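J.: So I've got this file, input_9.pdb, and it contains PDB, C-alpha atoms:
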MODEL        1
ATOM      1  CA  MET A   1      20.353 -19.281  -2.851  1.00  0.00           C
ATOM      2  CA  LYS A   2      16.583 -19.674  -2.645  1.00  0.00           C
ATOM      3  CA  THR A   3      14.584 -17.843  -5.310  1.00  0.00           C
ATOM      4  CA  GLN A   4      10.961 -16.755  -5.124  1.00  0.00           C
ATOM      5  CA  ARG A   5       8.607 -19.137  -6.861  1.00  0.00           C
ATOM      6  CA  GLN A   6       5.653 -18.135  -9.002  1.00  0.00           C
ATOM      7  CA  HIS A   7       2.594 -17.376  -6.833  1.00  0.00           C
ATOM      8  CA  ALA A   8       0.336 -19.678  -8.858  1.00  0.00           C
ATOM      9  CA  GLU A   9       2.670 -22.578  -8.058  1.00  0.00           C
ATOM     10  CA  VAL A  10       3.005 -21.648  -4.393  1.00  0.00           C
ATOM     11  CA  LEU A  11      -0.520 -20.858  -3.173  1.00  0.00           C
ATOM     12  CA  ASP A  12      -3.045 -23.607  -2.703  1.00  0.00           C
ATOM     13  CA  ASP A  13      -6.526 -23.345  -1.161  1.00  0.00           C
ATOM     14  CA  LEU A  14      -5.142 -23.771   2.348  1.00  0.00           C
ATOM     15  CA  ASP A  15      -2.618 -20.956   1.868  1.00  0.00           C
ATOM     16  CA  LEU A  16      -5.395 -18.706   0.583  1.00  0.00           C
ATOM     17  CA  ALA A  17      -7.574 -19.559   3.591  1.00  0.00           C
ATOM     18  CA  ILE A  18      -4.718 -18.695   5.963  1.00  0.00           C
ATOM     19  CA  LEU A  19      -4.142 -15.400   4.143  1.00  0.00           C
ATOM     20  CA  ARG A  20      -7.842 -14.491   4.370  1.00  0.00           C
ATOM     21  CA  ILE A  21      -7.801 -15.073   8.133  1.00  0.00           C
ATOM     22  CA  LEU A  22      -4.580 -13.096   8.594  1.00  0.00           C
ATOM     23  CA  ARG A  23      -5.934 -10.240   6.484  1.00  0.00           C
ATOM     24  CA  GLU A  24      -8.879  -9.892   8.882  1.00  0.00           C
ATOM     25  CA  ASN A  25      -6.720 -10.081  12.005  1.00  0.00           C
ATOM     26  CA  ALA A  26      -2.981 -10.651  11.730  1.00  0.00           C
ATOM     27  CA  ARG A  27      -2.632 -10.840  15.526  1.00  0.00           C
ATOM     28  CA  GLN A  28      -4.299 -14.243  15.747  1.00  0.00           C
ATOM     29  CA  THR A  29      -2.086 -17.025  16.991  1.00  0.00           C
ATOM     30  CA  TYR A  30      -1.195 -19.998  14.824  1.00  0.00           C
ATOM     31  CA  THR A  31      -3.293 -22.090  17.207  1.00  0.00           C
ATOM     32  CA  GLU A  32      -6.355 -19.867  16.672  1.00  0.00           C
ATOM     33  CA  ILE A  33      -5.938 -20.000  12.909  1.00  0.00           C
ATOM     34  CA  GLY A  34      -5.426 -23.750  13.062  1.00  0.00           C
ATOM     35  CA  ARG A  35      -8.611 -24.135  15.100  1.00  0.00           C
ATOM     36  CA  GLN A  36     -10.606 -22.227  12.450  1.00  0.00           C
ATOM     37  CA  LEU A  37      -9.211 -24.419   9.668  1.00  0.00           C
ATOM     38  CA  SER A  38      -9.006 -27.697  11.625  1.00  0.00           C
ATOM     39  CA  LEU A  39      -5.210 -27.755  11.325  1.00  0.00           C
ATOM     40  CA  ALA A  40      -2.310 -28.205  13.706  1.00  0.00           C
ATOM     41  CA  HIS A  41      -0.693 -24.900  14.687  1.00  0.00           C
ATOM     42  CA  SER A  42       2.618 -26.248  13.344  1.00  0.00           C
ATOM     43  CA  THR A  43       1.075 -26.578   9.855  1.00  0.00           C
ATOM     44  CA  VAL A  44      -0.128 -22.966   9.993  1.00  0.00           C
ATOM     45  CA  TYR A  45       3.281 -21.844  11.279  1.00  0.00           C
ATOM     46  CA  ASP A  46       5.146 -23.661   8.495  1.00  0.00           C
ATOM     47  CA  ARG A  47       2.906 -22.230   5.782  1.00  0.00           C
ATOM     48  CA  VAL A  48       3.059 -18.668   7.103  1.00  0.00           C
ATOM     49  CA  LYS A  49       6.855 -18.837   7.393  1.00  0.00           C
ATOM     50  CA  ARG A  50       7.091 -20.201   3.820  1.00  0.00           C
ATOM     51  CA  MET A  51       4.849 -17.396   2.502  1.00  0.00           C
ATOM     52  CA  GLU A  52       7.020 -14.843   4.329  1.00  0.00           C
ATOM     53  CA  ALA A  53      10.215 -16.384   2.898  1.00  0.00           C
ATOM     54  CA  ASP A  54       8.702 -16.440  -0.604  1.00  0.00           C
ATOM     55  CA  GLY A  55       7.809 -12.742  -0.361  1.00  0.00           C
ATOM     56  CA  ILE A  56       4.053 -13.329  -0.480  1.00  0.00           C
ATOM     57  CA  ILE A  57       3.549 -11.946   3.032  1.00  0.00           C
ATOM     58  CA  THR A  58       5.687  -8.836   3.098  1.00  0.00           C
ATOM     59  CA  LYS A  59       4.533  -6.928   6.169  1.00  0.00           C
ATOM     60  CA  TYR A  60       2.208  -6.871   9.149  1.00  0.00           C
ATOM     61  CA  LYS A  61       0.941  -3.450  10.110  1.00  0.00           C
ATOM     62  CA  VAL A  62      -1.486  -1.526  12.263  1.00  0.00           C
ATOM     63  CA  VAL A  63      -4.254   0.393  10.509  1.00  0.00           C
ATOM     64  CA  ILE A  64      -5.135   3.551  12.423  1.00  0.00           C
ATOM     65  CA  ASP A  65      -8.362   5.520  12.101  1.00  0.00           C
ATOM     66  CA  PRO A  66      -7.007   9.097  12.282  1.00  0.00           C
ATOM     67  CA  LYS A  67     -10.390  10.585  13.228  1.00  0.00           C
ATOM     68  CA  ARG A  68     -10.835   8.254  16.219  1.00  0.00           C
ATOM     69  CA  ALA A  69      -7.229   8.894  17.233  1.00  0.00           C
ATOM     70  CA  GLY A  70      -7.925  12.625  17.297  1.00  0.00           C
ATOM     71  CA  ILE A  71      -5.671  13.326  14.337  1.00  0.00           C
ATOM     72  CA  ASN A  72      -6.939  15.798  11.778  1.00  0.00           C
ATOM     73  CA  VAL A  73      -5.763  14.744   8.367  1.00  0.00           C
ATOM     74  CA  LEU A  74      -6.575  15.774   4.854  1.00  0.00           C
ATOM     75  CA  THR A  75      -6.150  13.129   2.145  1.00  0.00           C
ATOM     76  CA  ALA A  76      -5.638  13.933  -1.522  1.00  0.00           C
ATOM     77  CA  ILE A  77      -5.254  11.904  -4.661  1.00  0.00           C
ATOM     78  CA  VAL A  78      -2.667  13.692  -6.750  1.00  0.00           C
ATOM     79  CA  THR A  79      -2.111  13.044 -10.433  1.00  0.00           C
ATOM     80  CA  ILE A  80       1.320  14.115 -11.606  1.00  0.00           C
ATOM     81  CA  PHE A  81       1.885  14.463 -15.326  1.00  0.00           C
ATOM     82  CA  THR A  82       5.541  13.856 -16.136  1.00  0.00           C
ATOM     83  CA  ASP A  83       8.061  13.823 -18.890  1.00  0.00           C
ATOM     84  CA  PRO A  84       8.172  10.100 -19.760  1.00  0.00           C
ATOM     85  CA  LYS A  85      11.979  10.063 -19.421  1.00  0.00           C
ATOM     86  CA  GLU A  86      11.730  11.294 -15.831  1.00  0.00           C
ATOM     87  CA  SER A  87       8.635   9.497 -14.511  1.00  0.00           C
ATOM     88  CA  GLU A  88      10.503   6.651 -12.755  1.00  0.00           C
ATOM     89  CA  SER A  89      12.805   9.127 -11.053  1.00  0.00           C
ATOM     90  CA  VAL A  90       9.892  11.330  -9.984  1.00  0.00           C
ATOM     91  CA  ALA A  91       7.974   8.315  -8.615  1.00  0.00           C
ATOM     92  CA  ARG A  92      11.007   7.140  -6.606  1.00  0.00           C
ATOM     93  CA  LYS A  93      11.703  10.626  -5.181  1.00  0.00           C
ATOM     94  CA  LEU A  94       8.031  11.130  -4.375  1.00  0.00           C
ATOM     95  CA  SER A  95       7.922   7.796  -2.532  1.00  0.00           C
ATOM     96  CA  GLU A  96      10.650   8.972  -0.141  1.00  0.00           C
ATOM     97  CA  HIS A  97       8.320  11.516   1.501  1.00  0.00           C
ATOM     98  CA  LYS A  98       6.374  10.486   4.601  1.00  0.00           C
ATOM     99  CA  GLN A  99       3.299  12.398   3.373  1.00  0.00           C
ATOM    100  CA  VAL A 100       3.033  10.025   0.414  1.00  0.00           C
ATOM    101  CA  LEU A 101       1.106   6.924   1.474  1.00  0.00           C
ATOM    102  CA  GLU A 102       0.952   5.307  -1.967  1.00  0.00           C
ATOM    103  CA  ALA A 103       2.459   6.042  -5.365  1.00  0.00           C
ATOM    104  CA  PHE A 104       1.740   4.368  -8.711  1.00  0.00           C
ATOM    105  CA  THR A 105       2.617   4.893 -12.337  1.00  0.00           C
ATOM    106  CA  SER A 106      -0.148   4.590 -14.904  1.00  0.00           C
ATOM    107  CA  LEU A 107      -0.218   4.508 -18.655  1.00  0.00           C
ATOM    108  CA  SER A 108      -3.292   6.119 -20.117  1.00  0.00           C
ATOM    109  CA  GLU A 109      -3.058   8.650 -22.898  1.00  0.00           C
ATOM    110  CA  GLU A 110      -0.017   9.939 -20.998  1.00  0.00           C
ATOM    111  CA  LEU A 111       2.395   8.538 -18.450  1.00  0.00           C
ATOM    112  CA  LEU A 112       1.078   9.539 -15.034  1.00  0.00           C
ATOM    113  CA  ILE A 113       2.025   9.170 -11.424  1.00  0.00           C
ATOM    114  CA  ILE A 114      -0.911   8.821  -9.075  1.00  0.00           C
ATOM    115  CA  ALA A 115      -0.209   9.378  -5.394  1.00  0.00           C
ATOM    116  CA  LYS A 116      -2.211   9.280  -2.185  1.00  0.00           C
ATOM    117  CA  ILE A 117      -0.937  12.114  -0.020  1.00  0.00           C
ATOM    118  CA  VAL A 118      -1.859  13.203   3.506  1.00  0.00           C
ATOM    119  CA  ALA A 119      -1.428  16.575   5.179  1.00  0.00           C
ATOM    120  CA  LYS A 120      -2.786  18.230   8.310  1.00  0.00           C
ATOM    121  CA  ASP A 121      -4.603  20.875   6.256  1.00  0.00           C
ATOM    122  CA  GLN A 122      -4.835  22.516   2.826  1.00  0.00           C
ATOM    123  CA  GLU A 123      -1.940  24.861   3.555  1.00  0.00           C
ATOM    124  CA  GLU A 124       0.402  21.978   4.365  1.00  0.00           C
ATOM    125  CA  LEU A 125      -0.747  20.116   1.247  1.00  0.00           C
ATOM    126  CA  HIS A 126      -0.169  23.213  -0.888  1.00  0.00           C
ATOM    127  CA  SER A 127       3.304  23.729   0.583  1.00  0.00           C
ATOM    128  CA  PHE A 128       4.258  20.098  -0.015  1.00  0.00           C
ATOM    129  CA  LEU A 129       3.101  20.194  -3.635  1.00  0.00           C
ATOM    130  CA  ALA A 130       4.629  23.627  -4.344  1.00  0.00           C
ATOM    131  CA  GLU A 131       7.949  23.090  -2.578  1.00  0.00           C
ATOM    132  CA  CYS A 132       8.602  19.359  -2.957  1.00  0.00           C
ATOM    133  CA  VAL A 133       6.667  17.995  -5.924  1.00  0.00           C
ATOM    134  CA  ALA A 134       6.400  20.798  -8.495  1.00  0.00           C
ATOM    135  CA  PRO A 135      10.155  21.548  -8.548  1.00  0.00           C
ATOM    136  CA  MET A 136      11.089  17.930  -9.292  1.00  0.00           C
ATOM    137  CA  ARG A 137      12.777  17.501 -12.648  1.00  0.00           C
ATOM    138  CA  GLY A 138      10.277  16.048 -15.111  1.00  0.00           C
ATOM    139  CA  VAL A 139       7.067  17.241 -13.429  1.00  0.00           C
ATOM    140  CA  LEU A 140       4.928  18.916 -16.071  1.00  0.00           C
ATOM    141  CA  ARG A 141       1.704  19.572 -14.150  1.00  0.00           C
ATOM    142  CA  ILE A 142      -0.201  18.446 -11.083  1.00  0.00           C
ATOM    143  CA  ARG A 143      -3.896  17.761 -10.591  1.00  0.00           C
ATOM    144  CA  THR A 144      -5.139  17.446  -7.008  1.00  0.00           C
ATOM    145  CA  SER A 145      -8.391  15.916  -5.765  1.00  0.00           C
ATOM    146  CA  ILE A 146      -9.079  16.312  -2.051  1.00  0.00           C
ATOM    147  CA  ILE A 147     -10.955  13.382  -0.546  1.00  0.00           C
ATOM    148  CA  THR A 148     -14.100  14.608   1.221  1.00  0.00           C
ATOM    149  CA  ARG A 149     -15.539  11.255   2.355  1.00  0.00           C
ATOM    150  CA  LYS A 150     -14.234   7.703   2.417  1.00  0.00           C
ATOM    151  CA  TYR A 151     -16.695   4.923   1.613  1.00  0.00           C
ATOM    152  CA  LYS A 152     -14.354   1.981   1.325  1.00  0.00           C
ATOM    153  CA  GLU A 153     -10.662   1.334   1.742  1.00  0.00           C
ATOM    154  CA  GLU A 154      -9.396  -2.225   1.590  1.00  0.00           C
ATOM    155  CA  MET A 155      -6.226  -4.053   0.826  1.00  0.00           C
ATOM    156  CA  PHE A 156      -6.074  -6.715  -1.880  1.00  0.00           C
ATOM    157  CA  SER A 157      -8.897  -9.212  -1.583  1.00  0.00           C
ATOM    158  CA  PHE A 158      -9.255 -12.684  -3.069  1.00  0.00           C
TER     159      PHE A 158
ENDMDL
END
Write the structure described by the file as structure tokens, please.

T.:
Amino acid sequence: MKTQRQHAEVLDDLDLAILRILRENARQTYTEIGRQLSLAHSTVYDRVKRMEADGIITKYKVVIDPKRAGINVLTAIVTIFTDPKESESVARKLSEHKQVLEAFTSLSEELLIIAKIVAKDQEELHSFLAECVAPMRGVLRIRTSIITRKYKEEMFSF
């Protein structure tokens, strides 16, 4: 059975260049990427397939601008203070909801869960927090920050 190798051992400068190009536009063909890097499309294909198999490339997705699509959406960053014994369970349960776009645990002075949550309006956000999040075993308190303007949103960059 093939195991995932350490990223430092797997990625060379060429892999990183391919990833940068894919990050900007994952719909480019292997031939187009090869042309940009002066490589044969088969070389690009082989490297992309290896990075997929090694779990480095995990997904290709469409990024939608809700405003341009005519979708009204409210985004909130929610900090959930938890009982340390229950934080993993809360994070997993929280991640099952479609309204939760991202969920992270963080160790600061307390163990926290930080989640990016979307709703159509404040009422829907309130209902989700009151009916789904607050009743979860281990949730001690919730702090909500509604996003009023987005200046930058990027995926990992290198």

J.: Give, as lines of an AutoDock Vina configuration file, the centre coordinates and the x, y and z edge lengths in Å to one decimal for an axis-aligned box around all listed atoms of stretch 42-60 of chain A, padded by 6 Å on each side.

T.:
center_x = 5.0
center_y = -16.7
center_z = 6.4
size_x = 22.3
size_y = 31.7
size_z = 25.9

J.: Show me, as a PyMOL selection string, the residues that have an atom within 7 Å of stretch 120-128 of chain A when counting all atoms listed in the file, minus same-chain residues fewer than 4 positions from it.

T.: chain A and resi 72-74+132-133

J.: Which residues come within 7 Å of A:Thr144, counting only C-alpha atoms, excluding same-chain residues fewer than 6 positions away, as JSON, numbers by chain?

T.: {"A": [76, 77, 78, 79]}

J.: Which value, in Å to one decimal, gives the distance between atom CA of A:His41 and atom CA of A:Tyr60?

T.: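 Taking atom CA of A:His41 and atom CA of A:Tyr60, their separation equals 19.1 Å.
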
J.: Go through A:Glu102, A:Glu96, A:Glu32, A:Glu109 and flag the residue nearest A:Thr75, using only C-alpha atoms for the distances.

T.: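 Among the listed residues, the smallest separation from A:Thr75 belongs to A:Glu102.
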
J.: So the first atom is atom CA of A:Asp12 and the second is atom CA of A:Val62; what is the distance between them in Å, to one decimal place?

T.: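 Computed distance, atom CA of A:Asp12 to atom CA of A:Val62, equals 26.7 Å.
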
J.: When you look at stretch 15-22 of chain A with a cut-off of 8 Å (counting all atoms listed in the file), what residues show up, excluding the ones that are within fewer than 6 positions of it in the same chain? I need them as a list of chain:residue names.

T.: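 Here the answer would be A:Gln28, A:Ile33, A:Leu37, A:Val44, A:Arg47, A:Val48, A:Phe158.
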
J.: Calculate how many Å separate atom CA of A:Ile146 from atom CA of A:Ile113, rounding to one decimal.

T.: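 Taking atom CA of A:Ile146 and atom CA of A:Ile113, their separation equals 16.2 Å.
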
J.: So, counting only C-alpha atoms, which residue among A:Val118, A:Met51, A:Ile80, A:Ile56 is closest to A:His97?

T.: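 The closest residue to A:His97 is A:Val118.
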
J.: Taking all atoms listed in the file into account, name the residue in A:Lys98, A:Lys116, A:Lys152, A:Lys85 that is nearest to A:Val139.

T.: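 Of A:Lys98, A:Lys116, A:Lys152, A:Lys85, the one nearest A:Val139, counting all atoms listed in the file, is A:Lys85.
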
J.: I want to know what sits within 12 Å of A:Leu112, based on only C-alpha atoms, with residues of the same chain fewer than 6 positions away left out; could you give that as a VMD selection string?

T.: chain A and resid 78 to 88 90 to 91 103 to 106 138 to 143
